file entry-v7.txt (compact mmCIF, C-alpha atoms and all ligand atoms)
# COMPACT_ATOMS: atom_id res chain seq x y z
CA MET A 11 -1.26 -25.64 -25.98
CA ALA A 12 1.87 -27.77 -25.60
CA ARG A 13 2.49 -29.36 -22.20
CA VAL A 14 3.40 -26.58 -19.77
CA THR A 15 6.39 -27.01 -17.48
CA ILE A 16 8.29 -24.63 -15.25
CA SER A 17 10.64 -23.98 -18.22
CA THR A 18 7.66 -22.73 -20.24
CA LEU A 19 6.80 -20.26 -17.48
CA ASN A 20 10.42 -19.11 -17.06
CA LYS A 21 10.63 -18.45 -20.81
CA MET A 22 7.36 -16.50 -20.69
CA LYS A 23 8.70 -14.33 -17.86
CA ALA A 24 11.91 -13.69 -19.84
CA LYS A 25 9.81 -12.55 -22.82
CA ALA A 26 7.46 -10.51 -20.60
CA GLU A 27 4.50 -12.65 -21.76
CA LYS A 28 1.81 -12.87 -19.10
CA PHE A 29 0.56 -16.31 -18.12
CA VAL A 30 -2.63 -17.39 -16.44
CA CYS A 31 -3.68 -19.54 -13.51
CA VAL A 32 -7.23 -20.53 -12.57
CA THR A 33 -8.31 -22.72 -9.68
CA ALA A 34 -10.11 -25.98 -10.41
CA TYR A 35 -11.25 -28.72 -8.09
CA ASP A 36 -12.66 -31.34 -10.46
CA ALA A 37 -12.00 -32.93 -13.86
CA THR A 38 -14.70 -31.10 -15.84
CA PHE A 39 -13.60 -27.61 -14.85
CA ALA A 40 -9.91 -28.54 -15.13
CA SER A 41 -10.51 -29.49 -18.78
CA LEU A 42 -12.37 -26.22 -19.47
CA VAL A 43 -9.72 -24.09 -17.74
CA SER A 44 -6.95 -25.75 -19.71
CA ALA A 45 -8.87 -25.59 -23.01
CA ALA A 46 -9.28 -21.83 -22.43
CA GLY A 47 -5.49 -21.53 -22.45
CA ALA A 48 -4.58 -21.19 -18.76
CA GLU A 49 -0.97 -22.33 -18.45
CA THR A 50 -1.42 -23.38 -14.83
CA ILE A 51 -4.23 -24.88 -12.77
CA LEU A 52 -4.29 -24.50 -8.99
CA VAL A 53 -6.14 -26.97 -6.82
CA GLY A 54 -6.51 -24.30 -4.15
CA ASP A 55 -7.48 -24.85 -0.55
CA SER A 56 -10.02 -22.13 -1.40
CA LEU A 57 -12.13 -25.26 -1.98
CA GLY A 58 -12.80 -25.08 1.76
CA MET A 59 -14.82 -21.93 1.07
CA VAL A 60 -16.24 -22.38 -2.44
CA LEU A 61 -17.01 -26.13 -2.28
CA GLN A 62 -17.25 -27.00 1.39
CA GLY A 63 -18.97 -23.84 2.65
CA HIS A 64 -16.48 -23.00 5.39
CA ASP A 65 -15.73 -19.35 6.14
CA SER A 66 -11.97 -19.86 5.83
CA THR A 67 -9.46 -22.39 4.47
CA VAL A 68 -8.43 -23.48 7.98
CA PRO A 69 -10.66 -26.63 8.13
CA VAL A 70 -9.30 -28.14 4.87
CA THR A 71 -7.37 -31.42 5.30
CA ILE A 72 -4.63 -33.13 3.31
CA ASP A 73 -7.16 -35.87 2.39
CA ASP A 74 -9.50 -33.22 0.93
CA MET A 75 -6.61 -31.81 -1.12
CA ALA A 76 -5.43 -35.23 -2.31
CA TYR A 77 -8.99 -36.15 -3.37
CA HIS A 78 -9.52 -32.97 -5.42
CA THR A 79 -5.99 -33.09 -6.84
CA ALA A 80 -6.69 -36.63 -8.09
CA CYS A 81 -10.01 -35.48 -9.63
CA VAL A 82 -8.26 -32.64 -11.48
CA ALA A 83 -5.30 -34.81 -12.53
CA ARG A 84 -7.64 -37.29 -14.24
CA ALA A 85 -8.51 -34.56 -16.75
CA GLN A 86 -4.95 -35.06 -18.12
CA THR A 87 -4.58 -31.44 -19.22
CA GLU A 88 -1.53 -29.73 -20.70
CA SER A 89 -1.58 -27.14 -17.88
CA LEU A 90 0.92 -27.30 -15.02
CA LEU A 91 -0.93 -28.67 -12.00
CA ILE A 92 -0.20 -27.02 -8.63
CA ALA A 93 -1.85 -28.20 -5.40
CA ASP A 94 -2.12 -26.35 -2.09
CA MET A 95 -0.73 -27.78 1.12
CA PRO A 96 -3.53 -27.04 3.63
CA PHE A 97 -3.37 -25.54 7.13
CA MET A 98 -0.84 -27.12 9.53
CA THR A 99 0.30 -29.85 7.13
CA TYR A 100 3.76 -28.30 6.65
CA THR A 101 4.95 -27.26 10.11
CA THR A 102 8.23 -29.27 10.01
CA PRO A 103 10.38 -30.40 7.07
CA GLU A 104 9.56 -34.08 7.74
CA GLN A 105 5.79 -33.48 7.95
CA THR A 106 6.03 -31.34 4.81
CA LEU A 107 7.84 -34.05 2.86
CA HIS A 108 5.25 -36.65 3.88
CA ASN A 109 2.23 -34.52 2.95
CA ALA A 110 3.73 -33.09 -0.25
CA THR A 111 4.36 -36.67 -1.37
CA LEU A 112 0.64 -37.43 -0.97
CA LEU A 113 -0.28 -34.53 -3.27
CA MET A 114 2.39 -35.40 -5.85
CA GLN A 115 1.20 -39.02 -5.91
CA ALA A 116 -2.37 -37.75 -6.36
CA GLY A 117 -1.16 -36.04 -9.56
CA ALA A 118 0.18 -32.60 -8.59
CA GLN A 119 3.29 -31.39 -10.43
CA MET A 120 4.13 -28.70 -7.85
CA ILE A 121 2.92 -27.91 -4.34
CA LYS A 122 2.14 -24.50 -2.81
CA MET A 123 2.75 -23.38 0.77
CA GLU A 124 1.96 -20.11 2.56
CA GLY A 125 5.00 -18.52 4.16
CA GLY A 126 8.44 -17.00 3.75
CA VAL A 127 11.73 -17.25 5.60
CA TRP A 128 10.52 -19.91 8.03
CA LEU A 129 9.80 -22.27 5.08
CA SER A 130 13.36 -22.16 3.68
CA GLU A 131 14.49 -25.48 5.11
CA SER A 132 11.32 -27.27 3.96
CA ILE A 133 11.54 -25.74 0.49
CA SER A 134 15.17 -26.86 0.02
CA MET A 135 14.33 -30.31 1.32
CA LEU A 136 11.42 -30.78 -1.12
CA VAL A 137 13.29 -29.32 -4.10
CA GLU A 138 16.38 -31.48 -3.47
CA ARG A 139 14.12 -34.52 -3.47
CA GLY A 140 12.25 -33.63 -6.66
CA ILE A 141 9.16 -31.76 -5.50
CA PRO A 142 8.88 -28.26 -7.04
CA VAL A 143 7.50 -25.55 -4.77
CA CYS A 144 5.36 -22.46 -5.21
CA ALA A 145 5.41 -20.12 -2.20
CA HIS A 146 2.56 -17.73 -1.25
CA LEU A 147 3.08 -14.37 0.49
CA GLY A 148 1.06 -11.28 1.39
CA LEU A 149 -2.48 -12.08 2.48
CA THR A 150 -1.96 -15.74 3.26
CA PRO A 151 -5.52 -16.91 3.99
CA GLN A 152 -4.53 -19.74 6.35
CA SER A 153 -3.36 -16.98 8.74
CA VAL A 154 -6.71 -15.12 8.65
CA ASN A 155 -7.11 -15.54 12.42
CA ALA A 156 -3.66 -14.09 13.05
CA PHE A 157 -4.33 -11.15 10.69
CA GLY A 158 -7.74 -10.44 12.26
CA GLY A 159 -9.56 -10.74 8.92
CA PHE A 160 -8.87 -10.82 5.19
CA LYS A 161 -6.84 -7.60 5.06
CA VAL A 162 -4.46 -6.11 2.52
CA GLN A 163 -0.85 -6.74 3.59
CA GLY A 164 2.38 -4.84 2.96
CA ARG A 165 0.97 -1.33 3.34
CA THR A 166 3.57 -0.09 5.84
CA PRO A 167 7.25 0.23 4.84
CA LYS A 168 8.14 -2.36 7.50
CA GLU A 169 5.64 -4.92 6.18
CA ALA A 170 6.66 -4.25 2.59
CA LYS A 171 10.33 -4.78 3.44
CA SER A 172 9.57 -8.04 5.17
CA ILE A 173 7.51 -9.38 2.22
CA LEU A 174 10.36 -8.54 -0.18
CA ALA A 175 12.88 -10.23 2.14
CA ASP A 176 10.64 -13.32 2.34
CA ALA A 177 10.34 -13.41 -1.46
CA VAL A 178 14.13 -13.29 -1.96
CA GLU A 179 14.61 -15.95 0.71
CA ILE A 180 12.14 -18.44 -0.79
CA GLN A 181 13.73 -17.97 -4.22
CA ASP A 182 17.17 -18.63 -2.73
CA ALA A 183 15.78 -21.72 -1.00
CA GLY A 184 14.75 -23.09 -4.40
CA ALA A 185 11.09 -22.17 -4.93
CA SER A 186 10.01 -22.20 -8.59
CA LEU A 187 7.05 -19.81 -8.37
CA LEU A 188 5.60 -17.23 -6.00
CA VAL A 189 1.99 -16.15 -5.44
CA LEU A 190 1.50 -12.62 -4.06
CA GLU A 191 -1.98 -11.98 -2.68
CA CYS A 192 -3.57 -8.64 -1.74
CA ILE A 193 -0.60 -6.33 -1.54
CA PRO A 194 -0.12 -2.87 -3.06
CA ALA A 195 0.51 -2.96 -6.81
CA ALA A 196 3.80 -1.07 -6.57
CA LEU A 197 5.22 -3.57 -4.07
CA ALA A 198 4.15 -6.57 -6.20
CA ALA A 199 5.68 -5.01 -9.32
CA ASP A 200 8.93 -4.32 -7.45
CA ILE A 201 9.15 -7.91 -6.16
CA SER A 202 8.32 -9.34 -9.62
CA SER A 203 11.11 -7.35 -11.24
CA LYS A 204 13.65 -8.24 -8.54
CA LEU A 205 12.98 -12.00 -8.64
CA ASP A 206 14.13 -14.36 -11.38
CA ILE A 207 11.25 -16.79 -10.69
CA PRO A 208 7.79 -16.01 -12.11
CA VAL A 209 5.37 -14.25 -9.77
CA ILE A 210 1.60 -14.85 -9.92
CA GLY A 211 -0.58 -12.09 -8.50
CA ILE A 212 -4.09 -11.94 -7.04
CA GLY A 213 -5.18 -8.54 -5.83
CA ALA A 214 -1.58 -7.47 -6.46
CA GLY A 215 -1.95 -5.26 -9.53
CA ALA A 216 -0.92 -5.68 -13.15
CA GLY A 217 2.84 -5.69 -12.58
CA THR A 218 3.23 -9.41 -11.77
CA ASP A 219 4.23 -12.03 -14.35
CA ALA A 220 0.87 -13.82 -14.16
CA GLN A 221 -2.61 -13.58 -12.62
CA VAL A 222 -4.73 -16.09 -10.73
CA LEU A 223 -8.40 -15.98 -9.73
CA VAL A 224 -10.65 -18.43 -7.94
CA LEU A 225 -12.86 -20.10 -10.57
CA HIS A 226 -16.14 -19.38 -8.76
CA ASP A 227 -15.21 -15.71 -8.36
CA LEU A 228 -14.41 -15.12 -12.04
CA LEU A 229 -17.63 -16.92 -13.01
CA GLY A 230 -19.61 -14.51 -10.82
CA LEU A 231 -20.87 -17.32 -8.57
CA SER A 232 -19.57 -16.03 -5.25
CA ALA A 233 -21.92 -14.04 -3.03
CA ARG A 234 -19.36 -11.55 -1.80
CA THR A 235 -16.20 -10.83 -3.73
CA PRO A 236 -13.22 -8.64 -2.93
CA ARG A 237 -12.28 -5.55 -4.94
CA PHE A 238 -9.75 -7.45 -7.09
CA VAL A 239 -12.35 -9.80 -8.67
CA ARG A 240 -14.04 -9.21 -12.00
CA ASN A 241 -17.09 -11.20 -13.10
CA PHE A 242 -16.03 -12.55 -16.50
CA MET A 243 -19.50 -13.98 -17.22
CA GLN A 244 -20.62 -10.43 -17.94
CA GLY A 245 -20.97 -10.18 -21.71
CA GLU A 246 -20.46 -13.95 -22.15
CA ASP A 247 -23.06 -16.70 -22.48
CA SER A 248 -20.98 -19.72 -21.44
CA VAL A 249 -18.41 -20.82 -18.88
CA GLN A 250 -16.04 -21.43 -21.79
CA GLY A 251 -16.55 -17.84 -22.96
CA ALA A 252 -15.90 -16.42 -19.50
CA LEU A 253 -12.71 -18.45 -19.06
CA ALA A 254 -11.47 -17.39 -22.51
CA ALA A 255 -12.26 -13.75 -21.64
CA PHE A 256 -10.23 -14.01 -18.43
CA VAL A 257 -7.25 -15.54 -20.25
CA ALA A 258 -7.42 -12.88 -22.99
CA ALA A 259 -7.73 -10.03 -20.47
CA VAL A 260 -4.66 -11.17 -18.54
CA LYS A 261 -2.58 -11.71 -21.66
CA SER A 262 -3.52 -8.34 -23.16
CA GLY A 263 -2.98 -6.56 -19.85
CA THR A 264 -6.56 -5.29 -19.53
CA PHE A 265 -7.04 -7.23 -16.28
CA PRO A 266 -6.42 -6.29 -13.55
CA ALA A 267 -7.41 -2.66 -14.09
CA ARG A 268 -6.90 0.14 -11.59
CA GLU A 269 -10.28 -0.54 -9.95
CA HIS A 270 -9.11 -4.09 -9.05
CA THR A 271 -5.90 -2.86 -7.48
CA TYR A 272 -4.68 -1.65 -4.07
CA GLU A 273 -2.43 1.40 -4.06
O1 LIG B 1 -6.57 -21.43 -2.60
C1 LIG B 1 -6.51 -20.65 -3.56
O2 LIG B 1 -7.40 -20.58 -4.43
C2 LIG B 1 -5.32 -19.80 -3.67
C3 LIG B 1 -5.30 -18.74 -4.74
C4 LIG B 1 -6.32 -17.71 -4.51
C5 LIG B 1 -3.95 -18.16 -4.93
O3 LIG B 1 -4.40 -19.97 -2.92
NA NA B 2 -4.79 -21.34 -1.20
call {"tool": "encode", "arguments": {"input": "entry-v7.txt", "output": "structure tokens", "more": "lines below"}}
Ligand code: KIV
Ligand code: NA
result
Amino acid sequence: MARVTISTLNKMKAKAEKFVCVTAYDATFASLVSAAGAETILVGDSLGMVLQGHDSTVPVTIDDMAYHTACVARAQTESLLIADMPFMTYTTPEQTLHNATLLMQAGAQMIKMEGGVWLSESISMLVERGIPVCAHLGLTPQSVNAFGGFKVQGRTPKEAKSILADAVEIQDAGASLLVLECIPAALAADISSKLDIPVIGIGAGAGTDAQVLVLHDLLGLSARTPRFVRNFMQGEDSVQGALAAFVAAVKSGTFPAREHTYE
């Protein structure tokens, strides 16, 4: 795989070629994920749950994220490296700029933040200063306490309208990518077709431009998994095999299937 940049992903969207994202939190897994052909690697704040044992991503700090971003960056992969801004580290444009800088200097090539319209000013500020942004809408896990649990979002017409409006707004503000998590497949497909920027889905059906899963979930290591997860170790005898199976399933359109999707 040649070095992946945002131009690579834009070209893939234009050609309707699906791309793949997998989370990684250390150098070994980052190398394996990239070798399997995933165009993007996400150092997700899901590490709060799968590595640290918390029951949400709320306790994760910017130092945790910078540490794991640096571990992943040392793998020197060809994949585009995105790192999550954790809970309450991007409440004002100035705070956002400071904390995003820490992740970029740890080796991230793009940062991800959960939110829509209210992030516009911060997104423009980062982008103008050279920090590319991925936004994240739908079930934004840092807001689990506000949602009252990990619940599918965008099921009412009002919610769906507001997610679409947020998506358009973050694109206009300068975001390069968008993650849509746990929303009905039809809504995710509609947003993906309306936006020029590539959209990465998780629990958002097969109509997005790309798919992401948490590494531990796709390797079948997580105790409880949501409907949208498939265990890619089934039928494989190595981590490498499972990662390759995930990449192949996304690219061929066999994952996600209907059973992984919310209507
Ligand atoms: O933290 C994470 O792993 C994520 C993905 C699930 C999109 O944000
Ligand atoms: Na995250």
call {"tool": "closest_residue", "arguments": {"input": "entry-v7.txt", "among": "A:Val30, A:Ala110, A:Ala220, A:Met95", "to": "Ser44 of chain A", "atoms": "all atoms listed in the file"}}
result
A:Val30
call {"tool": "axis_aligned_box", "arguments": {"input": "entry-v7.txt", "around": "segment 230-249 of chain A", "padding_each_side": "4 Å", "output": "JSON"}}
result
{"center_x": -16.4, "center_y": -13.2, "center_z": -12.1, "size_x": 21.3, "size_y": 23.3, "size_z": 28.7}
call {"tool": "closest_residue", "arguments": {"input": "entry-v7.txt", "among": "A:Glu49, A:Asp182, A:Glu131, A:Glu124", "to": "ligand NA 2 (chain B)", "atoms": "only C-alpha atoms and all ligand atoms"}}
result
A:Glu124
call {"tool": "closest_atom_pairs", "arguments": {"input": "entry-v7.txt", "of": "chain A", "to": "ligand NA 2 (chain B)", "cutoff": "10 Å", "atoms": "all atoms listed in the file", "output": "tab-separated table"}}
result
residue	atom	partner	partner_atom	distance
A:Thr33	CA	B:NA2	NA	9.3
A:Leu52	CA	B:NA2	NA	8.4
A:Val53	CA	B:NA2	NA	8.1
A:Gly54	CA	B:NA2	NA	4.5
A:Asp55	CA	B:NA2	NA	4.5
A:Ser56	CA	B:NA2	NA	5.3
A:Leu57	CA	B:NA2	NA	8.4
A:Gly58	CA	B:NA2	NA	9.3
A:Thr67	CA	B:NA2	NA	7.4
A:Ala93	CA	B:NA2	NA	8.6
A:Asp94	CA	B:NA2	NA	5.7
A:Met95	CA	B:NA2	NA	8.0
A:Pro96	CA	B:NA2	NA	7.6
A:Phe97	CA	B:NA2	NA	9.4
A:Lys122	CA	B:NA2	NA	7.8
A:Met123	CA	B:NA2	NA	8.1
A:Glu124	CA	B:NA2	NA	7.8
A:His146	CA	B:NA2	NA	8.2
A:Thr150	CA	B:NA2	NA	7.7
A:Pro151	CA	B:NA2	NA	6.9
A:Gln152	CA	B:NA2	NA	7.7
A:Val189	CA	B:NA2	NA	9.5
A:Glu191	CA	B:NA2	NA	9.9
A:Val224	CA	B:NA2	NA	9.4
call {"tool": "closest_residue", "arguments": {"input": "entry-v7.txt", "among": "A:Gln115, A:Thr38, A:Gln221, A:Gln105", "to": "Ala85 of chain A", "atoms": "all atoms listed in the file"}}
result
A:Thr38
call {"tool": "closest_residue", "arguments": {"input": "entry-v7.txt", "among": "A:Val239, A:Ala177, A:Leu19, A:Ala216", "to": "ligand LIG 1 (chain B)", "atoms": "all atoms listed in the file"}}
result
A:Val239
call {"tool": "closest_residue", "arguments": {"input": "entry-v7.txt", "among": "A:Ala255, A:Leu136, A:Leu90, A:Ile210", "to": "ligand LIG 1 (chain B)", "atoms": "all atoms listed in the file"}}
result
A:Ile210
call {"tool": "atom_distance", "arguments": {"input": "entry-v7.txt", "atom1": "atom CA of Val260 of chain A", "atom2": "atom CA of Phe29 of chain A"}}
result
7.3 Å
call {"tool": "residues_near_point", "arguments": {"input": "entry-v7.txt", "point": "(-5.7, -35.8, 3.8)", "cutoff": "12 Å", "atoms": "all atoms listed in the file", "output": "PyMOL selection string"}}
result
chain A and resi 55+69-80+94-99+108-113+116
call {"tool": "residues_around", "arguments": {"input": "entry-v7.txt", "residues": "Phe256 of chain A", "least_positions_apart": "2", "cutoff": "9 Å", "atoms": "all atoms listed in the file", "output": "list in words"}}
result
Val30, Ala46, Leu228, Arg240, Phe242, Gly251, Ala252, Leu253, Ala254, Ala258, Ala259, Val260, Lys261 and Phe265 of chain A
call {"tool": "closest_residue", "arguments": {"input": "entry-v7.txt", "among": "A:Ala26, A:Leu190, A:Leu42, A:Ile16", "to": "ligand LIG 1 (chain B)", "atoms": "all atoms listed in the file"}}
result
A:Leu190
call {"tool": "atom_distance", "arguments": {"input": "entry-v7.txt", "atom1": "atom CA of Gln62 of chain A", "atom2": "atom O1 of ligand LIG 1 (chain B)"}}
result
12.7 Å
call {"tool": "residues_around", "arguments": {"input": "entry-v7.txt", "residues": "Thr218 of chain A", "least_positions_apart": "6", "cutoff": "12 Å", "atoms": "all atoms listed in the file", "output": "compact mmCIF listing (two decimals) with C-alpha atoms, in the coordinates of the input"}}
result
# COMPACT_ATOMS: atom_id res chain seq x y z
CA LYS A 23 8.70 -14.33 -17.86
CA ALA A 26 7.46 -10.51 -20.60
CA GLU A 27 4.50 -12.65 -21.76
CA LYS A 28 1.81 -12.87 -19.10
CA PHE A 29 0.56 -16.31 -18.12
CA VAL A 30 -2.63 -17.39 -16.44
CA LEU A 187 7.05 -19.81 -8.37
CA LEU A 188 5.60 -17.23 -6.00
CA VAL A 189 1.99 -16.15 -5.44
CA LEU A 190 1.50 -12.62 -4.06
CA GLU A 191 -1.98 -11.98 -2.68
CA ILE A 193 -0.60 -6.33 -1.54
CA PRO A 194 -0.12 -2.87 -3.06
CA ALA A 195 0.51 -2.96 -6.81
CA ALA A 196 3.80 -1.07 -6.57
CA LEU A 197 5.22 -3.57 -4.07
CA ALA A 198 4.15 -6.57 -6.20
CA ALA A 199 5.68 -5.01 -9.32
CA ASP A 200 8.93 -4.32 -7.45
CA ILE A 201 9.15 -7.91 -6.16
CA SER A 202 8.32 -9.34 -9.62
CA SER A 203 11.11 -7.35 -11.24
CA LYS A 204 13.65 -8.24 -8.54
CA LEU A 205 12.98 -12.00 -8.64
CA ASP A 206 14.13 -14.36 -11.38
CA ILE A 207 11.25 -16.79 -10.69
CA PRO A 208 7.79 -16.01 -12.11
CA VAL A 209 5.37 -14.25 -9.77
CA ILE A 210 1.60 -14.85 -9.92
CA GLY A 211 -0.58 -12.09 -8.50
CA ILE A 212 -4.09 -11.94 -7.04
CA VAL A 260 -4.66 -11.17 -18.54
CA LYS A 261 -2.58 -11.71 -21.66
CA GLY A 263 -2.98 -6.56 -19.85
CA PHE A 265 -7.04 -7.23 -16.28
CA PRO A 266 -6.42 -6.29 -13.55
call {"tool": "residues_around", "arguments": {"input": "entry-v7.txt", "residues": "segment 232-235 of chain A", "least_positions_apart": "5", "cutoff": "8 Å", "atoms": "only C-alpha atoms", "output": "list of chain:residue names"}}
result
A:Val60, A:His226, A:Asp227
call {"tool": "atom_distance", "arguments": {"input": "entry-v7.txt", "atom1": "atom CA of Met120 of chain A", "atom2": "atom CA of Ile92 of chain A"}}
result
4.7 Å
call {"tool": "residues_around", "arguments": {"input": "entry-v7.txt", "residues": "segment 157-167 of chain A", "least_positions_apart": "3", "cutoff": "7 Å", "atoms": "all atoms listed in the file", "output": "list in words"}}
result
Gly148, Leu149, Ser153, Val154, Ala170, Lys171, Ile173, Cys192, Ile193 and Pro194 of chain A
